[in-house]
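Reproduced below: input_11.txt, with compact mmCIF, C-alpha atoms.
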```txt
# COMPACT_ATOMS: atom_id res chain seq x y z
CA MET A 7 123.49 114.71 22.62
CA ILE A 8 125.50 117.61 24.08
CA ILE A 9 125.42 119.50 20.75
CA PHE A 10 121.64 119.19 20.65
CA ALA A 11 121.42 120.66 24.15
CA LYS A 12 123.55 123.68 23.15
CA LYS A 13 121.41 124.30 20.04
CA GLU A 14 118.24 124.01 22.08
CA MET A 15 119.62 126.44 24.68
CA LYS A 16 120.45 128.96 21.92
CA ARG A 17 116.88 128.71 20.64
CA ILE A 18 115.47 129.31 24.11
CA VAL A 19 117.69 132.35 24.66
CA LEU A 20 116.84 133.74 21.21
CA PHE A 21 113.12 133.19 21.80
CA THR A 22 113.34 134.97 25.16
CA ILE A 23 115.16 137.96 23.64
CA LEU A 24 112.65 138.25 20.81
CA SER A 25 109.73 137.97 23.23
CA VAL A 26 111.04 140.79 25.40
CA TRP A 27 111.86 142.91 22.32
CA SER A 28 108.32 142.53 20.99
CA MET A 29 106.90 143.72 24.34
CA LEU A 30 108.94 146.96 24.43
CA PRO A 31 106.19 149.18 22.99
CA ALA A 32 103.83 147.92 25.68
CA LEU A 33 106.46 148.55 28.36
CA ALA A 34 106.83 152.13 27.12
CA GLN A 35 103.35 153.06 28.32
CA GLU A 36 103.25 154.86 31.61
CA THR A 37 100.98 154.17 34.51
CA GLY A 38 99.11 156.70 36.60
CA GLU A 39 97.65 159.94 35.27
CA ARG A 40 99.01 159.55 31.75
CA LYS A 41 97.45 156.22 30.77
CA ASP A 42 96.66 157.30 27.22
CA SER A 43 100.14 158.69 26.47
CA VAL A 44 102.75 156.43 24.94
CA LEU A 45 106.48 156.99 25.04
CA ILE A 46 108.22 156.73 21.68
CA PHE A 47 111.51 154.88 21.26
CA ILE A 48 114.28 156.20 19.04
CA ASP A 49 113.53 153.61 16.33
CA ASP A 50 110.04 155.04 15.83
CA ALA A 51 111.00 158.74 15.81
CA GLU A 52 111.29 160.90 12.72
CA TYR A 53 112.88 163.72 14.73
CA MET A 54 114.43 163.45 18.17
CA PRO A 55 113.71 166.12 20.77
CA SER A 56 116.27 168.91 20.77
CA PHE A 57 117.32 171.74 23.01
CA ARG A 58 116.45 175.09 21.46
CA GLY A 59 119.76 176.27 20.09
CA GLY A 60 120.86 172.73 19.25
CA THR A 61 123.74 170.81 20.77
CA ARG A 62 125.90 173.92 21.04
CA GLY A 63 123.09 175.72 22.88
CA LEU A 64 122.73 172.77 25.27
CA TYR A 65 126.47 172.72 26.01
CA ASN A 66 126.45 176.50 26.57
CA PHE A 67 123.44 176.28 28.90
CA ILE A 68 125.09 173.54 30.98
CA ALA A 69 128.44 175.39 31.08
CA GLU A 70 126.78 178.65 32.19
CA ASN A 71 124.59 177.08 34.87
CA LEU A 72 126.58 174.13 36.26
CA ARG A 73 128.39 174.82 39.52
CA TRP A 74 130.71 172.63 41.53
CA PRO A 75 128.63 171.30 44.43
CA GLU A 76 128.93 173.29 47.62
CA GLY A 77 131.17 171.60 50.17
CA GLU A 78 132.88 169.48 47.51
CA GLU A 79 135.44 172.08 46.39
CA GLU A 80 138.36 170.14 47.87
CA SER A 81 137.12 166.67 46.94
CA CYS A 82 138.79 164.68 44.20
CA ILE A 83 135.48 163.38 42.87
CA GLN A 84 135.18 163.51 39.10
CA GLY A 85 132.89 161.72 36.69
CA ARG A 86 129.57 161.69 34.96
CA VAL A 87 125.97 161.89 36.13
CA ILE A 88 123.41 160.73 33.59
CA ILE A 89 120.05 162.44 33.87
CA GLY A 90 116.99 160.94 32.17
CA PHE A 91 113.72 162.69 31.44
CA ILE A 92 110.74 162.74 29.12
CA VAL A 93 110.27 165.58 26.64
CA GLU A 94 106.53 166.20 26.49
CA LYS A 95 104.53 167.17 23.38
CA ASP A 96 104.76 170.85 24.39
CA GLY A 97 108.55 170.64 24.96
CA SER A 98 108.40 170.67 28.75
CA LEU A 99 110.55 168.20 30.71
CA PHE A 100 108.83 165.58 32.88
CA ASP A 101 109.98 162.78 35.18
CA ILE A 102 113.52 164.14 35.55
CA LYS A 103 115.67 161.65 37.44
CA VAL A 104 119.22 160.36 37.90
CA VAL A 105 119.88 157.34 35.68
CA LYS A 106 123.55 156.92 36.66
CA SER A 107 124.78 158.41 39.92
CA LEU A 108 128.19 159.82 40.77
CA HIS A 109 127.76 161.18 44.31
CA PRO A 110 124.63 162.61 46.01
CA SER A 111 125.80 166.24 45.91
CA PHE A 112 126.85 165.98 42.25
CA ASP A 113 123.57 164.26 41.38
CA LYS A 114 121.64 167.07 43.07
CA GLU A 115 123.53 169.72 41.08
CA ALA A 116 122.98 167.91 37.76
CA LEU A 117 119.25 167.62 38.53
CA ARG A 118 119.11 171.33 39.39
CA VAL A 119 120.62 172.31 36.04
CA VAL A 120 118.31 170.07 33.99
CA LYS A 121 115.23 171.26 35.91
CA ALA A 122 116.24 174.85 35.11
CA MET A 123 116.28 174.19 31.35
CA PRO A 124 113.76 175.99 29.14
CA LYS A 125 111.32 174.04 26.98
CA TRP A 126 112.81 171.83 24.28
CA SER A 127 111.63 171.28 20.72
CA PRO A 128 109.59 168.06 21.03
CA GLY A 129 110.25 164.91 19.06
CA ARG A 130 108.08 164.07 16.05
CA ARG A 131 106.61 160.87 14.72
CA LYS A 132 104.40 160.69 11.64
CA GLY A 133 104.41 164.48 11.54
CA GLU A 134 103.00 164.90 15.06
CA CYS A 135 104.69 165.95 18.27
CA CYS A 136 105.10 163.08 20.71
CA ARG A 137 106.50 162.27 24.15
CA MET A 138 110.04 160.88 24.07
CA LYS A 139 112.61 159.71 26.58
CA TYR A 140 115.99 161.42 26.57
CA ASN A 141 119.24 161.05 28.56
CA ILE A 142 121.94 163.67 29.07
CA PRO A 143 125.39 163.07 30.54
CA ILE A 144 126.57 165.85 32.85
CA ILE A 145 130.34 165.65 33.33
CA PHE A 146 132.13 166.97 36.40
CA ARG A 147 135.85 167.31 35.80
CA THR A 148 138.50 169.37 37.51
CA ILE A 149 140.83 171.30 35.29
CA ARG A 150 144.35 171.55 36.61
CA THR A 151 146.08 174.80 35.99
CA THR A 152 149.81 175.20 36.17
CA PRO A 153 151.11 178.21 38.09
CA SER A 154 152.31 180.95 35.80
CA THR A 155 156.01 181.81 35.96
CA SER A 156 156.11 185.58 35.62
```

In structure tokens, how does this file's structure come out?
Amino acid sequence: MIIFAKKEMKRIVLFTILSVWSMLPALAQETGERKDSVLIFIDDAEYMPSFRGGTRGLYNFIAENLRWPEGEEESCIQGRVIIGFIVEKDGSLFDIKVVKSLHPSFDKEALRVVKAMPKWSPGRRKGECCRMKYNIPIIFRTIRTTPSTS
């Protein structure tokens, strides 16, 4: 009888997971002004959105524009802020927000850098540009330098 209960529980869990998975496309639709626009998940994309200049261009843009938050110069805070946004059909960034926070001042700086980014190359599905979600990790790390012995 106990074995039957475990098998039945596995079926219920599996059914629940499959039910939620099948609803994901419906959950991707936004509410509000953009009712007719649908967000595309990675599985459905032919081409993911990309920063103009590719990954190297993205890293260079972040390195050139990211500053240590003001007032936090002496703090020992290090880590990663994950910023999420939607790349629109025209390449503009929409709904930019913190997905994983580090500290309010570091979050604010990461948001500032992403909001300053130029338009991206939009994602494509079935040959057409489409709206896609994207996440970027912004890493704050101190680099220790050893004093030179001259």

Exercise. With all atoms listed in the file as the basis for distance, which of A:Gly60, A:Gly85, A:Gly90, A:Pro55 is at the shortest distance from Phe112 of chain A?
Worked result: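 The answer is A:Gly85, which sits nearest to Phe112 of chain A.
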
Exercise. Can you tell me how far atom CA of Lys132 of chain A sits from atom CA of Ile89 of chain A, in Å to one decimal?
Worked result: 27.2 Å

Problem set entry | d(atom CA of Val104 of chain A, atom CA of Ile149 of chain A) in Å | 24.4 Å

For this session: State, in Å with one decimal place, the distance from atom CA of Ser56 of chain A to atom CA of Trp126 of chain A.
Result: 5.7 Å

For this session: Write out as a PyMOL selection string each polymer residue whose atoms come within 8 Å of Ile102 of chain A, counting only C-alpha atoms; drop sequence neighbours fewer than 2 positions from it.
Result: chain A and resi 89-92+99-100+104+117+120-121

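Residue nearest Pro128 of chain A, chosen from A:Val87, A:Val93, A:Cys82, A:Leu108 and counting all atoms listed in the file: A:Val93.
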
Problem set entry | Non-local contacts of Glu78 of chain A (12 Å; only C-alpha atoms; under 6 positions in same chain excluded) as a list in words | Gln84, His109, Pro110, Ser111, Phe112, Glu115, Phe146 and Thr148 of chain A

Problem set entry | Neighbour list for Glu70 of chain A as number ranges by chain, cut-off 12 Å, only C-alpha atoms, skip fewer than 4 positions in-chain | A: 63-66, 74, 119, 122-123

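With all atoms listed in the file as the atoms that count, the minimum distance from Glu134 of chain A to the choices A:Ala51, A:Ser107, A:Ile68, A:Gly77 is reached by A:Ala51.
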
For this session: Could you tell me which of A:Arg137, A:Arg58, A:Arg131, A:Lys114 comes closest to Asp96 of chain A if we count all atoms listed in the file?
Result: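 With all atoms listed in the file as the atom set, the closest residue is A:Arg137.
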